[in-house]
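Undergrad: Dropping a structure here in structure tokens format, bear with me for questions.
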Amino acid sequence: MPRRIPQAAMSDPDTTNPNVFLVGAGPGNPGLLTLRAAEVLGRAELVVYDQLVPERLLELAPASSEKVCVRDLPGQHPDKYPHIYRIIIEAARVGKTVVRLKGGDPLIFGRGGEEAEALRSAGVVYEIVPGVTAALAAGAFLEIPLTHRNYASAIALVTGHEPPNKPGNKLDWKALAAFPGTLAIYMGIAKLPTIVAELLKYGKDSDTPAAIVERASCGEQRAIYATLDTLEATRRSAGLEAPGLILVGEAVAQRPKRPWSEARPLFGRRVLVTRPTHQASGMVHKLETLGAVVSRLSAIEIREPADFGPLDCALNQIRDHKWDWLLFTSANGVEALFRRLETLGRDLRDLGGIKLAAIGPKTAAALRVYHLRADVVPATTFSSEGLVEALKPHVMGQRLLLARANRGREFLRDELAKVAALVEQVCVYDQVDTVKPSPGVVDALRRGEIKYIPLPSSNIARGILGTFDETIRGRVERGEIRLVAISPETGKAIRDLGYPVAAEAEMFTEDGLIAAMVRLAQAE
């Protein structure tokens with residue numbers, strides 16, 4: 001811990017150009033991160049983060065940034081702080097932008113004051129970015145009014161764990177027992193019997209409503225409700241352990257039987273997202289908004305073609321008006337083709353006069369990023385079959401170029417060749433199998449904790465399912481883990497591998513895949 005500097009010796013830091021940011025990451029729900037926090041994370045060169053911070057927040061930092069979890073620093077919890085100070089200060093002194101990412105709010109039981117003091121002592125300019133603290137998240141997500149006109153005129157944020165050598169006044173449990181509002185007690189699970197005994201000793205009614213919540217705001221959120229004198233027994237029976245937040249007061253009883261957060265259709269269901277890493281964030285966000293607990297396992301990686309020669313030749317042919325139509329079967333294909341066009345020092349003028357077709361709305365949206373509008377998009381069936389039916393009336397006797405991955409069905413080319421004058425296809429990106437399950441994901445699958453696996457393509461299905469051992473396979477066959485296919489084509493690929501399909505999307509899109517999981521959850 002840094003030497004305390006006398007107040008007279010301190011000077012206010014020049015905060016006009018800070019390069020260290022003490023940032024509150026919030027209570028665990030990535031959506032509760034503030035805009036300012038996301039902004040500074042977006043330019044961080046070093047991120048030093050707490051163990052309980054959602055790792056998904058680290059994706060907001062540049063891929064090139066260094067990321068250090070305090071869990072990996074030497075020593076037990078109190079011993080880590082000198083190392084934290086040293087890492088931050090050394091990086092700041094060489095001009096790096098540093099984000100110290102802390103759970104909740106930095107200045108509410110987060111040692112943020114001590115870290116700020118260390119920075120001041122070292123003459124490092126910093127900014128503190130507040131975060132949503134656990135008590136506020138618990139109140140909002142459990143619909144417990146922490147203050148209430150009739151029941152609670154105040155809220156007290158209280159630590160349940162004080163260091164034995166703390167200087168100055170310690171907690172006044174007599175005053176807290178008489179406090180006219182809600183007590184929000186942090187870090188108190190291990191000392192719950194003592195806390196309850198102290199409050200009762202000083203006159204708190206034994207039937208005062210109380211609650212404990214763990215993982216407030218997340219899909220893993222669990223809460224128990226009791227009276228003050230039965231709180232510890234109820235906690236033991238439910239198996240709630242630290243970390244958790246204790247709430248005590250009459251306002252706790254004003255909650256509804258089922259808060260809005262737990263009424264979400266996928267609340268508490270564990271879902272394994274299998275999209276490529278760079279495409280997964282949108283689906284993860286949608287699922288978390290519906291209350292799901294999301295794990296990730298990328299089955300394929302999108303890479304540049306091994307040989308750019310055929311693509312460069314095709315781009316020259318497009319510029320020279322050889323093709324009447326350019327067809328895209330994925331957003332990846334759109335991004336890959338235009339990325340190559342830009343690399344060659346060319347632009348959209350090369351596409352003058354050519355017509356565009358997209359297999360579905362997501363691919364059409366990728367075209368709009370480049371200020372292009374697809375001439376043909378299937379109305380309802382977003383698959384190769386749907387694209388064939390939508391295109392046939394428009395391409396009789398014309399020349400078609402299909403931009404696609406290095407592997408996939410030949411159905412689109414073969415069917416369109418029956419009506420078009422010429423159909424060729426060019427590889428604009430490679431799909432490479434990269435299934436490397438983390439031990440945590442594998443263990444969760446073996447224990448049956450993951451409920452749904454949405455499979456957005458046949459290639460991803462084959463890649464993922466090919467890694468399953470007998471234990472996981474057995475859970476799928478018994479319906480403990482449910483496979484959800486984006487289309488009949490993907491469903492067929494799953495069945496060909498000997499696995500049951502719990503549901504198929506009615507709309508062959510990401511949203512359709514999510515809707516299929518919601519229907520399964522509602523039927524349970």
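So you can find residues: chains in the structure tokens are A, B, ... in the order shown, residues in each start at 1, and ligands are numbered from 1 in order.
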For the interface of stretch 120-189 of chain A with stretch 106-111 of chain A (cut-off 9 Å, counting only C-alpha atoms), please tabulate each contacting residue of stretch 120-189 of chain A alongside its nearest pair of atoms and their separation in Å to one decimal, rows sorted by chain and increasing number, as JSON lines.
TA:
```
{"residue": "A:Ile128", "atom": "CA", "partner": "A:Pro106", "partner_atom": "CA", "distance": 7.6}
{"residue": "A:Val129", "atom": "CA", "partner": "A:Pro106", "partner_atom": "CA", "distance": 7.8}
{"residue": "A:Pro130", "atom": "CA", "partner": "A:Pro106", "partner_atom": "CA", "distance": 6.5}
{"residue": "A:Gly131", "atom": "CA", "partner": "A:Pro106", "partner_atom": "CA", "distance": 7.1}
{"residue": "A:Thr133", "atom": "CA", "partner": "A:Ile108", "partner_atom": "CA", "distance": 7.3}
{"residue": "A:Leu157", "atom": "CA", "partner": "A:Ile108", "partner_atom": "CA", "distance": 8.3}
{"residue": "A:Val158", "atom": "CA", "partner": "A:Phe109", "partner_atom": "CA", "distance": 8.8}
{"residue": "A:Thr159", "atom": "CA", "partner": "A:Phe109", "partner_atom": "CA", "distance": 7.2}
{"residue": "A:Tyr186", "atom": "CA", "partner": "A:Phe109", "partner_atom": "CA", "distance": 7.9}
{"residue": "A:Met187", "atom": "CA", "partner": "A:Phe109", "partner_atom": "CA", "distance": 8.9}
```
Undergrad: List the neighbours of A:Leu372 out to 12 Å using only C-alpha atoms; skip same-chain residues closer than 2 positions along the sequence, and give me the result as a list in words.
TA: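 So, after excluding close chain neighbours, the residues are Val334, Phe338, Leu348, Arg349, Leu351, Gly352, Gly353, Ile354, Lys355, Leu356, Ala357, Ala358, Thr363, Ala364, Ala365, Ala366, Leu367, Arg368, Val369, Tyr370, Ala374 and Asp375 of chain A.
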Undergrad: Separation of atom CA of A:Arg36 and atom CA of A:Ala116, in Å?
TA: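 These two atoms are separated by 18.3 Å.
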Undergrad: Residues near A:Pro361, anyone? I mean within 12 Å using only C-alpha atoms, not counting same-chain ones fewer than 5 positions away, as a ChimeraX atom specification.
TA: /A:328-331,366-368,373-374,376-383,387,507-512
Undergrad: Grab the residues selected above and save them as an mmCIF file, in the first residue's frame with C-alpha atoms.
TA:
```cif
data_model
loop_
_atom_site.group_PDB
_atom_site.id
_atom_site.type_symbol
_atom_site.label_atom_id
_atom_site.label_comp_id
_atom_site.auth_asym_id
_atom_site.auth_seq_id
_atom_site.Cartn_x
_atom_site.Cartn_y
_atom_site.Cartn_z
ATOM 1 C CA PHE A 328 -23.605 -12.857 -52.567
ATOM 2 C CA THR A 329 -24.498 -15.706 -50.209
ATOM 3 C CA SER A 330 -23.147 -14.162 -46.990
ATOM 4 C CA ALA A 331 -22.143 -10.922 -45.345
ATOM 5 C CA ALA A 366 -23.759 -5.686 -45.542
ATOM 6 C CA LEU A 367 -24.140 -4.258 -49.048
ATOM 7 C CA ARG A 368 -25.810 -1.143 -47.681
ATOM 8 C CA ARG A 373 -28.755 -1.861 -52.610
ATOM 9 C CA ALA A 374 -29.440 -5.442 -53.658
ATOM 10 C CA VAL A 376 -32.965 -9.133 -55.564
ATOM 11 C CA VAL A 377 -33.394 -10.514 -52.040
ATOM 12 C CA PRO A 378 -35.649 -13.514 -51.330
ATOM 13 C CA ALA A 379 -38.879 -12.450 -49.653
ATOM 14 C CA THR A 380 -39.130 -15.205 -47.053
ATOM 15 C CA THR A 381 -36.782 -18.156 -47.646
ATOM 16 C CA PHE A 382 -33.227 -17.005 -47.002
ATOM 17 C CA SER A 383 -31.333 -19.950 -48.455
ATOM 18 C CA LEU A 387 -32.337 -17.223 -53.893
ATOM 19 C CA MET A 507 -36.993 -17.629 -40.766
ATOM 20 C CA PHE A 508 -33.499 -18.633 -41.849
ATOM 21 C CA THR A 509 -31.784 -15.778 -40.028
ATOM 22 C CA GLU A 510 -30.055 -15.115 -36.737
ATOM 23 C CA ASP A 511 -33.284 -13.674 -35.341
ATOM 24 C CA GLY A 512 -35.146 -16.748 -36.574
#
```
Undergrad: Pick the closest to A:Pro454 from A:Leu58, A:Ala403, A:Ala485, A:Ala122: which is it, counting only C-alpha atoms?
TA: A:Ala485
Undergrad: Excluding A:Asp350 and any residue of its chain fewer than 3 positions from it, enumerate the residues within 7 Å of it, using only C-alpha atoms, and give them as an MDAnalysis selection string.
TA: chainID A and resid 318:319 347
Undergrad: Restricted to N, CA, C and O atoms, what would the selected residues look like written as a PDB file, in the first residue's frame?
TA:
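Full text of result_1.pdb as output:
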```
ATOM      1  N   ILE A 318     -15.472  -7.810 -63.710  1.00  0.00           N
ATOM      2  CA  ILE A 318     -16.600  -6.960 -63.301  1.00  0.00           C
ATOM      3  C   ILE A 318     -16.399  -5.545 -63.835  1.00  0.00           C
ATOM      4  O   ILE A 318     -17.323  -4.929 -64.386  1.00  0.00           O
ATOM      5  N   ARG A 319     -15.190  -5.025 -63.689  1.00  0.00           N
ATOM      6  CA  ARG A 319     -14.895  -3.681 -64.188  1.00  0.00           C
ATOM      7  C   ARG A 319     -15.082  -3.594 -65.703  1.00  0.00           C
ATOM      8  O   ARG A 319     -15.527  -2.568 -66.231  1.00  0.00           O
ATOM      9  N   ASP A 347     -12.443   1.302 -56.381  1.00  0.00           N
ATOM     10  CA  ASP A 347     -13.626   1.652 -55.599  1.00  0.00           C
ATOM     11  C   ASP A 347     -14.897   1.185 -56.298  1.00  0.00           C
ATOM     12  O   ASP A 347     -14.860   0.414 -57.267  1.00  0.00           O
TER      13      ASP A 347
END
```
Undergrad: Excluding A:Leu52 and its own-chain neighbours fewer than 5 positions away, which residues fall within 10 Å of it when counting only C-alpha atoms? Please give them as JSON, numbers by chain.
TA: {"A": [25, 27, 28, 69, 71, 102, 103, 104, 215, 243]}
Undergrad: Could you name the residues that touch A:Leu455 at 9 Å or less, counting only C-alpha atoms, but leaving out those on the same chain fewer than 2 positions away, as a list in words?
TA: Val273, Thr274, Arg275, Ile453, Ser457, Ser458, Ile460, Ala461, Ile464, Leu483, Val484, Ala485, Ile486, Thr490, Gly491 and Leu513 of chain A
Undergrad: Which residues are close to A:Arg258, i.e. within 9 Å by only C-alpha atoms, leaving aside same-chain residues fewer than 4 positions away? Reply as a short mmCIF file (atom, residue, chain, number, x, y, z; two decimals) with N, CA and C atoms, in the first residue's frame.
TA:
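Printed below is selection-v6.cif as written:
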```
data_model
loop_
_atom_site.label_atom_id
_atom_site.label_comp_id
_atom_site.auth_asym_id
_atom_site.auth_seq_id
_atom_site.Cartn_x
_atom_site.Cartn_y
_atom_site.Cartn_z
N LEU A 142 -34.24 -6.83 -9.62
CA LEU A 142 -35.18 -7.57 -8.77
C LEU A 142 -36.44 -6.77 -8.49
N GLU A 143 -36.49 -5.55 -9.00
CA GLU A 143 -37.60 -4.63 -8.75
C GLU A 143 -37.83 -4.41 -7.26
N GLU A 262 -36.45 -11.64 -14.53
CA GLU A 262 -36.61 -13.09 -14.50
C GLU A 262 -37.77 -13.56 -15.35
N ALA A 263 -38.57 -12.62 -15.87
CA ALA A 263 -39.67 -12.97 -16.78
C ALA A 263 -39.21 -13.01 -18.24
#
```
Undergrad: Go through stretch 212-448 of chain A and collect every residue that DSSP, computed from the backbone, puts in alpha helix (DSSP H); the answer should be as an MDAnalysis selection string.
TA: chainID A and resid 231:238 277:289 309:319 331:343 361:369 384:391 411:416 439:446
Undergrad: Could you write out that same residue set with C-alpha atoms as an mmCIF file, in the first residue's frame?
TA:
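File result06.cif, as written:
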```cif
data_model
loop_
_atom_site.group_PDB
_atom_site.id
_atom_site.type_symbol
_atom_site.label_atom_id
_atom_site.label_comp_id
_atom_site.auth_asym_id
_atom_site.auth_seq_id
_atom_site.Cartn_x
_atom_site.Cartn_y
_atom_site.Cartn_z
ATOM 1 C CA LEU A 231 -31.848 -15.296 6.273
ATOM 2 C CA GLU A 232 -28.800 -17.449 7.046
ATOM 3 C CA ALA A 233 -30.787 -20.702 7.106
ATOM 4 C CA THR A 234 -32.471 -19.785 3.835
ATOM 5 C CA ARG A 235 -29.112 -18.960 2.266
ATOM 6 C CA ARG A 236 -27.624 -22.307 3.307
ATOM 7 C CA SER A 237 -30.641 -24.182 2.006
ATOM 8 C CA ALA A 238 -30.397 -22.432 -1.383
ATOM 9 C CA THR A 277 -15.615 -14.697 -33.280
ATOM 10 C CA HIS A 278 -15.928 -11.524 -35.361
ATOM 11 C CA GLN A 279 -19.641 -12.188 -35.965
ATOM 12 C CA ALA A 280 -20.680 -13.446 -32.547
ATOM 13 C CA SER A 281 -21.133 -10.192 -30.620
ATOM 14 C CA GLY A 282 -24.494 -9.249 -32.145
ATOM 15 C CA MET A 283 -26.067 -12.601 -31.343
ATOM 16 C CA VAL A 284 -24.514 -12.633 -27.866
ATOM 17 C CA HIS A 285 -26.012 -9.215 -27.137
ATOM 18 C CA LYS A 286 -29.483 -10.263 -28.306
ATOM 19 C CA LEU A 287 -29.389 -13.423 -26.201
ATOM 20 C CA GLU A 288 -28.190 -11.607 -23.084
ATOM 21 C CA THR A 289 -30.975 -9.065 -23.526
ATOM 22 C CA GLY A 309 -5.451 -14.592 -58.390
ATOM 23 C CA PRO A 310 -8.966 -15.832 -59.255
ATOM 24 C CA LEU A 311 -10.614 -13.033 -57.225
ATOM 25 C CA ASP A 312 -8.462 -10.344 -58.811
ATOM 26 C CA CYS A 313 -9.305 -11.720 -62.239
ATOM 27 C CA ALA A 314 -13.021 -11.676 -61.396
ATOM 28 C CA LEU A 315 -12.800 -8.071 -60.190
ATOM 29 C CA ASN A 316 -11.180 -7.106 -63.484
ATOM 30 C CA GLN A 317 -13.988 -8.858 -65.352
ATOM 31 C CA ILE A 318 -16.600 -6.960 -63.301
ATOM 32 C CA ARG A 319 -14.895 -3.681 -64.188
ATOM 33 C CA ALA A 331 -22.143 -10.922 -45.345
ATOM 34 C CA ASN A 332 -18.628 -12.370 -45.123
ATOM 35 C CA GLY A 333 -18.544 -12.553 -48.916
ATOM 36 C CA VAL A 334 -19.591 -8.915 -49.257
ATOM 37 C CA GLU A 335 -16.947 -7.717 -46.811
ATOM 38 C CA ALA A 336 -14.211 -9.862 -48.357
ATOM 39 C CA LEU A 337 -14.850 -8.712 -51.930
ATOM 40 C CA PHE A 338 -14.926 -5.016 -51.110
ATOM 41 C CA ARG A 339 -11.938 -5.296 -48.808
ATOM 42 C CA ARG A 340 -9.952 -6.729 -51.725
ATOM 43 C CA LEU A 341 -11.241 -4.040 -54.067
ATOM 44 C CA GLU A 342 -9.997 -1.385 -51.659
ATOM 45 C CA THR A 343 -6.639 -3.138 -51.248
ATOM 46 C CA PRO A 361 -31.474 -9.438 -45.194
ATOM 47 C CA LYS A 362 -28.178 -9.664 -43.306
ATOM 48 C CA THR A 363 -26.244 -9.949 -46.568
ATOM 49 C CA ALA A 364 -28.303 -7.117 -48.049
ATOM 50 C CA ALA A 365 -27.472 -5.010 -44.978
ATOM 51 C CA ALA A 366 -23.759 -5.686 -45.542
ATOM 52 C CA LEU A 367 -24.140 -4.258 -49.048
ATOM 53 C CA ARG A 368 -25.810 -1.143 -47.681
ATOM 54 C CA VAL A 369 -22.701 -0.458 -45.610
ATOM 55 C CA SER A 384 -29.836 -21.097 -51.729
ATOM 56 C CA GLU A 385 -33.251 -22.486 -52.653
ATOM 57 C CA GLY A 386 -34.921 -19.178 -51.910
ATOM 58 C CA LEU A 387 -32.337 -17.223 -53.893
ATOM 59 C CA VAL A 388 -32.768 -19.504 -56.914
ATOM 60 C CA GLU A 389 -36.523 -18.975 -56.916
ATOM 61 C CA ALA A 390 -36.163 -15.223 -56.516
ATOM 62 C CA LEU A 391 -33.561 -14.927 -59.291
ATOM 63 C CA PHE A 411 -26.855 -26.153 -55.593
ATOM 64 C CA LEU A 412 -27.003 -22.444 -56.417
ATOM 65 C CA ARG A 413 -24.655 -22.679 -59.376
ATOM 66 C CA ASP A 414 -26.206 -25.862 -60.744
ATOM 67 C CA GLU A 415 -29.794 -24.609 -60.564
ATOM 68 C CA LEU A 416 -29.101 -21.180 -62.006
ATOM 69 C CA PRO A 439 -12.040 -26.687 -20.795
ATOM 70 C CA GLY A 440 -14.819 -24.630 -19.205
ATOM 71 C CA VAL A 441 -17.135 -25.039 -22.204
ATOM 72 C CA VAL A 442 -16.409 -28.771 -22.460
ATOM 73 C CA ASP A 443 -17.088 -29.271 -18.747
ATOM 74 C CA ALA A 444 -20.347 -27.310 -18.991
ATOM 75 C CA LEU A 445 -21.457 -29.497 -21.912
ATOM 76 C CA ARG A 446 -20.536 -32.689 -20.102
#
```
Undergrad: To one decimal in Å, tell me the separation between atom CA of A:Thr467 and atom CA of A:Lys492.
TA: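 Between atom CA of A:Thr467 and atom CA of A:Lys492 the gap is 18.2 Å.
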Undergrad: Kindly indicate which residue among A:Glu480, A:Glu127, A:Asp79, A:Asp229 lies nearest to A:Arg270, using only C-alpha atoms for the distances.
TA: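 Once distances to A:Arg270 are computed over only C-alpha atoms, the minimum belongs to A:Glu480.
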Undergrad: Any idea what the distance is between atom CA of A:Gly203 and atom CA of A:Leu176?
TA: 10.0 Å
Undergrad: Between A:Thr182, A:Ser261, A:Gln221, A:Ser487, single out the one closest to A:Ser153, counting only C-alpha atoms.
TA: A:Thr182
